[in-house]
Structure formats: structure tokens, C-alpha cells
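File shown: coords39.txt. Contents: compact mmCIF, C-alpha atoms.
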# COMPACT_ATOMS: atom_id res chain seq x y z
CA MET A 1415 0.00 0.00 0.00
CA SER A 1416 1.20 3.44 -0.84
CA THR A 1417 2.06 5.76 1.97
CA THR A 1418 0.80 8.74 0.01
CA LEU A 1419 -2.64 7.50 -0.87
CA ALA A 1420 -5.02 5.59 1.31
CA PRO A 1421 -8.57 4.72 0.30
CA GLU A 1422 -11.01 5.24 3.10
CA GLU A 1423 -12.34 1.79 2.82
CA THR A 1424 -13.93 0.68 6.04
CA ARG A 1425 -17.34 1.34 4.61
CA ASP A 1426 -16.31 -0.02 1.25
CA GLU A 1427 -15.65 -3.45 2.69
CA VAL A 1428 -18.62 -3.57 5.00
CA ALA A 1429 -21.30 -2.01 2.87
CA PRO A 1430 -20.66 -1.72 -0.84
CA ALA A 1431 -24.02 -0.12 -1.40
CA GLU A 1432 -25.62 2.56 0.69
CA ARG A 1433 -29.18 3.76 0.57
CA THR A 1434 -29.62 7.50 0.51
CA PRO A 1435 -32.79 9.55 0.09
CA GLY A 1436 -32.04 10.02 -3.61
CA GLY A 1437 -31.55 6.33 -4.30
CA THR A 1438 -28.71 3.88 -3.83
CA THR A 1439 -25.09 5.01 -3.93
CA TYR A 1440 -22.40 2.52 -4.85
CA SER A 1441 -18.72 2.32 -4.10
CA PRO A 1442 -16.89 2.07 -7.43
CA ARG A 1443 -13.91 -0.20 -7.97
CA PHE A 1444 -10.50 1.36 -8.35
CA ASP A 1445 -7.02 0.38 -9.44
CA ILE A 1446 -4.07 2.42 -8.14
CA TRP A 1447 -0.74 2.61 -9.90
CA GLU A 1448 2.40 4.45 -8.91
CA ASN A 1449 5.68 5.31 -10.54
CA ASP A 1450 8.43 7.82 -9.75
CA ASP A 1451 6.43 10.77 -11.06
CA GLU A 1452 2.83 10.18 -10.13
CA LEU A 1453 0.04 8.05 -8.78
CA ILE A 1454 -2.79 7.17 -11.13
CA LEU A 1455 -6.26 6.08 -10.04
CA TYR A 1456 -8.49 4.22 -12.47
CA GLY A 1457 -12.10 3.90 -11.44
CA ASP A 1458 -15.05 2.17 -13.08
CA LEU A 1459 -17.97 4.58 -13.36
CA PRO A 1460 -20.22 3.06 -16.02
CA GLY A 1461 -23.07 5.31 -17.06
CA VAL A 1462 -21.47 8.50 -15.73
CA MET A 1463 -21.20 11.34 -18.25
CA PRO A 1464 -18.38 13.87 -18.02
CA GLU A 1465 -20.71 16.66 -16.90
CA ASP A 1466 -22.00 14.48 -14.06
CA LEU A 1467 -18.61 13.63 -12.62
CA ASP A 1468 -17.36 15.62 -9.64
CA VAL A 1469 -13.74 15.16 -8.61
CA ARG A 1470 -12.73 17.44 -5.78
CA PHE A 1471 -9.89 17.75 -3.38
CA GLU A 1472 -10.29 19.21 0.07
CA LYS A 1473 -7.12 18.58 1.93
CA PRO A 1474 -6.42 15.78 2.56
CA VAL A 1475 -9.44 14.05 0.99
CA LEU A 1476 -9.97 13.38 -2.69
CA THR A 1477 -13.63 12.78 -3.40
CA ILE A 1478 -14.99 11.21 -6.54
CA HIS A 1479 -18.71 11.43 -7.10
CA GLY A 1480 -20.43 10.32 -10.26
CA LYS A 1481 -24.08 11.03 -10.78
CA VAL A 1482 -25.94 8.40 -12.76
CA SER A 1483 -29.24 9.46 -14.23
CA PRO A 1484 -31.90 6.77 -14.11
CA ARG A 1485 -31.77 4.98 -17.44
CA HIS A 1486 -35.04 3.13 -17.15
CA ASN A 1487 -38.29 4.53 -16.02
CA ASP A 1488 -41.41 2.46 -15.67
CA ILE A 1489 -39.98 -0.71 -17.05
CA LYS A 1490 -40.43 -4.19 -15.80
CA PHE A 1491 -37.22 -6.14 -15.53
CA LEU A 1492 -37.48 -9.74 -16.66
CA HIS A 1493 -34.10 -10.41 -15.15
CA GLY A 1494 -31.91 -8.17 -13.03
CA GLU A 1495 -28.37 -8.64 -11.79
CA TYR A 1496 -27.27 -5.15 -10.88
CA GLY A 1497 -28.70 -1.94 -9.59
CA ILE A 1498 -28.16 1.54 -10.92
CA GLY A 1499 -27.22 4.54 -8.82
CA ASP A 1500 -24.59 7.18 -8.12
CA PHE A 1501 -20.97 6.30 -7.44
CA HIS A 1502 -19.07 7.74 -4.51
CA ARG A 1503 -15.63 7.10 -3.10
CA THR A 1504 -13.03 9.01 -1.14
CA PHE A 1505 -9.27 8.66 -0.80
CA THR A 1506 -6.90 10.29 1.65
CA VAL A 1507 -4.06 11.99 -0.16
CA GLY A 1508 -0.73 12.41 1.60
CA GLU A 1509 1.56 15.41 1.68
CA ALA A 1510 3.76 14.12 -1.09
CA ILE A 1511 1.26 14.96 -3.83
CA ASP A 1512 1.32 18.23 -5.72
CA THR A 1513 -2.37 18.86 -5.19
CA GLU A 1514 -2.42 21.87 -7.51
CA ARG A 1515 -1.68 19.63 -10.46
CA ILE A 1516 -4.24 16.86 -9.82
CA SER A 1517 -6.15 16.18 -13.03
CA ALA A 1518 -8.90 13.81 -14.12
CA GLU A 1519 -10.39 12.52 -17.34
CA LEU A 1520 -13.37 10.30 -18.10
CA LYS A 1521 -13.53 7.93 -21.03
CA ASN A 1522 -15.81 4.95 -21.71
CA GLY A 1523 -17.05 5.01 -18.14
CA VAL A 1524 -13.56 4.95 -16.60
CA VAL A 1525 -12.19 7.89 -14.65
CA THR A 1526 -8.44 8.36 -14.64
CA VAL A 1527 -7.11 10.63 -11.90
CA HIS A 1528 -3.50 11.78 -12.11
CA LEU A 1529 -1.83 12.70 -8.83
CA PRO A 1530 1.61 14.13 -9.61
CA LYS A 1531 4.19 13.82 -6.87
CA SER A 1532 5.74 16.92 -5.37
CA GLU A 1533 9.16 17.68 -6.76
CA LYS A 1534 10.74 17.23 -3.34
CA VAL A 1535 9.72 13.57 -3.01
CA LYS A 1536 10.65 12.48 -6.52
CA PRO A 1537 13.72 10.28 -6.71
CA ARG A 1538 16.56 12.36 -7.96
CA ARG A 1539 19.52 11.11 -9.83
CA ILE A 1540 22.68 12.74 -8.49
CA GLU A 1541 25.08 13.66 -11.15
CA VAL A 1542 28.50 12.33 -10.47
CA LYS A 1543 31.26 14.57 -11.66
CA SER A 1544 34.67 13.40 -12.51
CA ASP A 1545 37.72 15.57 -12.14
CA MET B 1097 -12.56 -18.23 -19.49
CA SER B 1098 -15.80 -19.91 -18.62
CA THR B 1099 -19.34 -19.76 -19.78
CA THR B 1100 -22.42 -19.64 -17.64
CA ARG B 1101 -26.07 -19.58 -18.38
CA TRP B 1102 -28.59 -17.39 -16.82
CA GLN B 1103 -32.16 -18.28 -16.21
CA PRO B 1104 -34.51 -15.53 -17.20
CA LEU B 1105 -37.24 -15.07 -14.66
CA GLY B 1106 -40.83 -14.97 -15.65
CA SER B 1107 -41.70 -12.13 -13.35
CA ALA B 1108 -39.99 -8.95 -12.29
CA TRP B 1109 -36.87 -9.46 -10.25
CA PRO B 1110 -37.91 -8.62 -6.71
CA GLU B 1111 -34.82 -6.71 -5.73
CA MET B 1112 -31.94 -5.25 -7.59
CA LYS B 1113 -28.53 -6.36 -6.53
CA ARG B 1114 -25.32 -4.66 -7.22
CA MET B 1115 -22.56 -6.22 -9.25
CA GLN B 1116 -20.18 -6.36 -6.29
CA GLU B 1117 -22.53 -8.43 -4.20
CA GLU B 1118 -23.15 -10.82 -7.05
CA ILE B 1119 -19.49 -11.15 -7.80
CA GLU B 1120 -18.62 -11.79 -4.18
CA ARG B 1121 -21.23 -14.47 -3.91
CA TRP B 1122 -20.16 -16.22 -7.08
CA SER B 1123 -16.51 -15.92 -6.20
CA ARG B 1124 -17.11 -17.55 -2.86
CA ARG B 1125 -19.09 -20.30 -4.48
CA ALA B 1126 -16.22 -20.91 -6.87
CA GLY B 1127 -13.83 -21.09 -3.93
CA ARG B 1128 -11.89 -18.00 -4.86
CA ASN B 1129 -11.11 -15.55 -2.13
CA ASP B 1130 -9.16 -13.19 -4.27
CA ARG B 1131 -12.16 -11.60 -5.88
CA HIS B 1132 -10.27 -8.64 -7.23
CA ARG B 1133 -7.92 -10.42 -9.57
CA SER B 1134 -10.00 -12.70 -11.67
CA VAL B 1135 -13.00 -12.05 -13.81
CA PRO B 1136 -15.88 -14.00 -12.33
CA SER B 1137 -17.81 -16.38 -14.50
CA THR B 1138 -20.95 -14.30 -14.26
CA TYR B 1139 -19.26 -11.28 -15.76
CA PRO B 1140 -20.76 -9.11 -16.98
CA PRO B 1141 -23.91 -8.90 -14.86
CA LEU B 1142 -26.94 -8.37 -17.06
CA ASN B 1143 -30.27 -6.64 -16.84
CA LEU B 1144 -33.02 -7.74 -19.17
CA TRP B 1145 -36.29 -6.05 -19.95
CA GLU B 1146 -38.80 -5.70 -22.75
CA ASP B 1147 -41.35 -3.53 -24.42
CA ASN B 1148 -43.92 -4.49 -27.04
CA ASN B 1149 -41.41 -4.68 -29.87
CA ASN B 1150 -38.01 -5.49 -28.37
CA LEU B 1151 -36.09 -7.30 -25.71
CA TYR B 1152 -33.24 -5.28 -24.20
CA VAL B 1153 -30.12 -6.58 -22.55
CA GLU B 1154 -27.87 -4.17 -20.70
CA ALA B 1155 -24.42 -4.67 -19.21
CA GLU B 1156 -21.89 -2.36 -17.61
CA LEU B 1157 -18.64 -2.75 -19.51
CA PRO B 1158 -16.41 0.18 -18.67
CA GLU B 1159 -13.16 0.65 -20.57
CA LEU B 1160 -14.30 -1.47 -23.51
CA GLU B 1161 -14.97 -0.40 -27.07
CA LEU B 1162 -17.66 -2.05 -29.17
CA THR B 1163 -14.88 -3.57 -31.28
CA ASP B 1164 -13.60 -5.44 -28.17
CA LEU B 1165 -16.89 -7.32 -28.00
CA LYS B 1166 -18.41 -10.19 -29.91
CA ILE B 1167 -22.15 -10.48 -29.63
CA PHE B 1168 -23.97 -13.43 -31.19
CA VAL B 1169 -27.55 -14.57 -31.37
CA ASP B 1170 -27.89 -18.22 -32.39
CA GLY B 1171 -31.14 -19.97 -33.14
CA ASP B 1172 -32.91 -16.65 -32.56
CA ASN B 1173 -32.91 -17.16 -28.79
CA GLN B 1174 -29.34 -17.92 -27.67
CA LEU B 1175 -27.44 -14.78 -26.81
CA SER B 1176 -23.74 -14.75 -26.15
CA ILE B 1177 -21.43 -11.89 -25.26
CA LYS B 1178 -17.67 -12.35 -25.39
CA GLY B 1179 -14.90 -9.90 -24.84
CA ASP B 1180 -11.50 -9.16 -23.47
CA ARG B 1181 -10.92 -6.39 -20.99
CA LYS B 1182 -7.29 -5.39 -21.07
CA GLN B 1183 -5.60 -3.60 -18.24
CA PRO B 1184 -3.86 -0.39 -19.27
CA GLU B 1185 -0.21 -1.18 -19.82
CA ARG B 1186 2.08 0.59 -17.44
CA VAL B 1187 5.83 0.31 -17.36
CA SER B 1188 8.26 1.08 -14.57
CA GLY B 1189 5.72 1.36 -11.83
CA VAL B 1190 3.74 -0.73 -9.36
CA TRP B 1191 0.07 -1.54 -8.90
CA HIS B 1192 -0.98 -0.83 -5.33
CA ARG B 1193 -4.55 -1.90 -5.72
CA GLN B 1194 -6.41 -3.80 -8.41
CA GLU B 1195 -10.07 -4.05 -7.66
CA ARG B 1196 -11.21 -3.96 -11.26
CA GLY B 1197 -11.27 -7.28 -13.04
CA HIS B 1198 -9.43 -7.70 -16.33
CA GLY B 1199 -9.19 -10.54 -18.79
CA LYS B 1200 -11.37 -12.54 -21.10
CA PHE B 1201 -15.01 -13.07 -20.31
CA SER B 1202 -17.95 -14.85 -21.85
CA ARG B 1203 -21.60 -15.12 -21.04
CA ALA B 1204 -24.33 -16.97 -22.81
CA GLY B 1205 -27.94 -17.60 -22.12
CA GLU B 1206 -31.35 -18.26 -23.46
CA LEU B 1207 -33.59 -15.33 -24.17
CA PRO B 1208 -37.15 -15.57 -22.87
CA GLN B 1209 -38.51 -15.05 -26.39
CA TYR B 1210 -37.48 -15.57 -29.98
CA VAL B 1211 -35.96 -12.54 -31.65
CA ASP B 1212 -35.05 -11.55 -35.17
CA SER B 1213 -31.30 -12.12 -34.99
CA GLU B 1214 -30.72 -10.29 -38.29
CA LYS B 1215 -31.95 -7.06 -36.75
CA VAL B 1216 -30.15 -7.09 -33.42
CA THR B 1217 -28.27 -3.87 -32.67
CA ALA B 1218 -25.85 -2.93 -29.91
CA GLU B 1219 -24.46 0.31 -28.62
CA LEU B 1220 -21.86 1.06 -26.01
CA LYS B 1221 -22.06 4.47 -24.37
CA HIS B 1222 -20.15 5.67 -21.33
CA GLY B 1223 -19.28 2.09 -20.46
CA VAL B 1224 -22.85 0.79 -20.72
CA LEU B 1225 -23.73 -1.78 -23.37
CA THR B 1226 -27.31 -1.94 -24.58
CA ILE B 1227 -28.38 -4.70 -26.96
CA THR B 1228 -31.73 -4.24 -28.69
CA LEU B 1229 -33.30 -7.50 -29.87
CA PRO B 1230 -36.45 -7.07 -31.98
CA LYS B 1231 -39.04 -9.68 -31.11
CA ARG B 1232 -40.19 -12.03 -33.81
CA LYS B 1233 -43.63 -11.18 -35.03
CA GLU B 1234 -45.25 -14.25 -33.52
CA ALA B 1235 -43.69 -13.46 -30.16
CA LYS B 1236 -45.16 -9.98 -29.94
CA ALA B 1237 -48.00 -9.54 -27.54
CA ARG B 1238 -51.28 -9.48 -29.33
CA ARG B 1239 -54.38 -8.11 -27.79
CA ILE B 1240 -57.21 -10.55 -28.06
CA GLU B 1241 -60.50 -9.01 -28.63
CA VAL B 1242 -63.05 -10.30 -26.24
CA LYS B 1243 -66.51 -10.24 -27.58
CA ALA B 1244 -69.53 -10.22 -25.44
CA SER B 1245 -72.04 -12.74 -26.47

For this file, write the structure as C-alpha cells.
Amino acid sequence: MSTTLAPEETRDEVAPAERTPGGTTYSPRFDIWENDDELILYGDLPGVMPEDLDVRFEKPVLTIHGKVSPRHNDIKFLHGEYGIGDFHRTFTVGEAIDTERISAELKNGVVTVHLPKSEKVKPRRIEVKSD
Amino acid sequence: MSTTRWQPLGSAWPEMKRMQEEIERWSRRAGRNDRHRSVPSTYPPLNLWEDNNNLYVEAELPELELTDLKIFVDGDNQLSIKGDRKQPERVSGVWHRQERGHGKFSRAGELPQYVDSEKVTAELKHGVLTITLPKRKEAKARRIEVKAS
């Protein structure tokens, strides 16, 4: 687990779905990748359109909320295996992230959040000079 | 890769269940504890509904393009969906968390009615696949006129 990014997951493990007055909110699945320069979060948000995605950072919490408009009104399901609702998940972001440069994009129902590392924590190659 | 069948229900599904719950249940049944690393055999979960003219099958398939999918209707009532969800390739880094499943998947099942397989259409928008299956004429609901004697 990264020291700079910790999903707040107690609720995630115990209750993947939560009922709220507006409907059911689901905890989306995420992959987290890290290299020397940045951390990248990939999250599955099927059915979320770019204008309905809210990614915000309020130190130290990164919040991802995707609104999903109901796709089916007044229909009778013959067979149902999943529910439809908003997606919500939060992550705690450590000091080592350059929060000013956090960026996000949404494509094919997948959000990609880039969390660039602060210059001071990046590994630095020390130039070795010869005489 | 494995194939499973689903049993369409005759009446409305009493409660909607989320993908995660389904996956957990099926993973446990299959004896796999590591639910995050393999694509379960019931992937993708499906919702099925109808109107007078069509059957509709919907699945959440984020990250995929329509060209990554193969959708077949055999015998006008056997639907199969196959695909391969590839993880984004990343070099010189580490994965800290992999909750999203990747890999090949396949699902097949019998539709509750016969459809016109020549006219089946599919669209994939924002990670949601919708397959529209026009009902065969004889399968369409017909209102029977009841005459009073």
C-alpha cells in the first residue's frame, strides 16, 4: 500500500451499497498505480457522463462522485443482476502529492485521476562529476 | 474463461442487486477468495427487460470499445457476449490496488422469447452496453379481442 494515498475503505468493505434519500449510492472499484512521477487512479464509473462527474480535493481528501441518471423509467425487468445509482468514493491523499496539479479525465465510463508527486519527493539522480 | 447460463425469470426481479454483491457471492461459491484479480464467470452482470417490440439486454462494460466485443444470437434465442478487458499497460511502476477485473469473459444464455437475430443492434455508451433485440412477429404480444355474447 502506498504511503501517500489511502482509500477510506472501512465502509467499502462492509457495505458496498448505501441507501440515501435520492436512491442507492455505490462504491466504485478502483485500481491504483504508482511510478516515480505520479500516482494514477483508475475507477469504473459506467453510465457517468463527463458533466456528471465531480472530482474534488479538500485537503487531505480526494472525493470522486459520479451522478448516474436513471436509465429506465417504468420498465419491468425480466431479469436483473445489478442496480443503478450514483458512485461515490473518497481517498486520503498524503503530503507528497502536488495537489495543484491533480487532473482527471473520463472515457468509456472509466475515470483516470492523475496525482503528480511533489518535486521534493521524486527520486533524484545525483550527477557524479569526474575531475 | 468460462461460460455460464442465466435463467430468465418470468416475473420482475424482486430486488436489484449490485454487481459487487453478485461477484462476491459467485466468487465464494467458486472457492476464490481473491475476488479482485480474476474475472468471475458471471461477468458481466446483465439486466433484461422488454417492451412491445423489443427485448433489451444491458451490461456495464467500462473501458471497452464495441470492437472489443463479440455479440452473437444463435437460433434466434441464444445470446452470447464475449470480450477481453485489457488492463492499461504501465511500465516502470507498481500496482498498489487492483479491484477492477481484467481478462477474457464470456456469457451466454437463453432469451425468454425468440428474436429476429438479423436485426439485433448494440451500442456502447459511457461504459454501458445496450443490446436491442427485436421480437419475432409471432412473439409480440397481441391483444385478443373479447366479444360479449

Quick one: everything within 6 Å of Thr1526 in chain A, counting all atoms listed in the file, minus sequence neighbours fewer than 2 positions away in the same chain. Send it as a count of residues only.
4

Give me, please, the distance in Å between CA of Pro1230 in chain B and CA of Phe1491 in chain A, quoted to one decimal.
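Straight-line distance from CA of Pro1230 in chain B to CA of Phe1491 in chain A works out to 16.5 Å.
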
Tell me which protein, DNA and RNA residues are within 12 Å of Leu1459 in chain A, counting all atoms listed in the file, leaving out same-chain ones fewer than 3 positions away, and put them as a ChimeraX atom specification.
/A:1439-1444,1456,1462-1464,1466-1468,1478-1482,1498-1503,1519-1526 /B:1156-1159,1196,1221-1224

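Atom pair CA of Phe1505 in chain A / CA of Leu1529 in chain A: separated by 11.7 Å.
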
Could the residues of chain A that have an atom at most 6 Å from chain B be listed as a tab-separated table, each with its closest atom pair and the distance in Å to one decimal, counting only C-alpha atoms and ordered by chain and ascending residue number?
residue	atom	partner	partner_atom	distance
A:Met1415	CA	B:His1192	CA	5.5
A:Arg1443	CA	B:Glu1195	CA	5.4
A:Phe1444	CA	B:Glu1195	CA	5.5
A:Asp1445	CA	B:Gln1194	CA	4.3
A:Ile1446	CA	B:Arg1193	CA	5.0
A:Trp1447	CA	B:Trp1191	CA	4.3
A:Glu1448	CA	B:Val1190	CA	5.4
A:Asn1449	CA	B:Gly1189	CA	4.2
A:Pro1460	CA	B:Gly1223	CA	4.6
A:Gly1461	CA	B:His1222	CA	5.2
A:Lys1490	CA	B:Ala1108	CA	5.9
A:Phe1491	CA	B:Trp1145	CA	4.5
A:Leu1492	CA	B:Trp1145	CA	5.1
A:His1493	CA	B:Leu1144	CA	4.9
A:Gly1494	CA	B:Asn1143	CA	4.4
A:Glu1495	CA	B:Pro1141	CA	5.4
A:Tyr1496	CA	B:Arg1114	CA	4.2
A:Gly1497	CA	B:Arg1114	CA	4.9
A:Asn1522	CA	B:His1222	CA	4.4
A:Gly1523	CA	B:Gly1223	CA	4.3
A:Val1524	CA	B:Glu1159	CA	5.9

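CA of Lys1231 in chain B sits 23.6 Å away from CA of Ser1202 in chain B.
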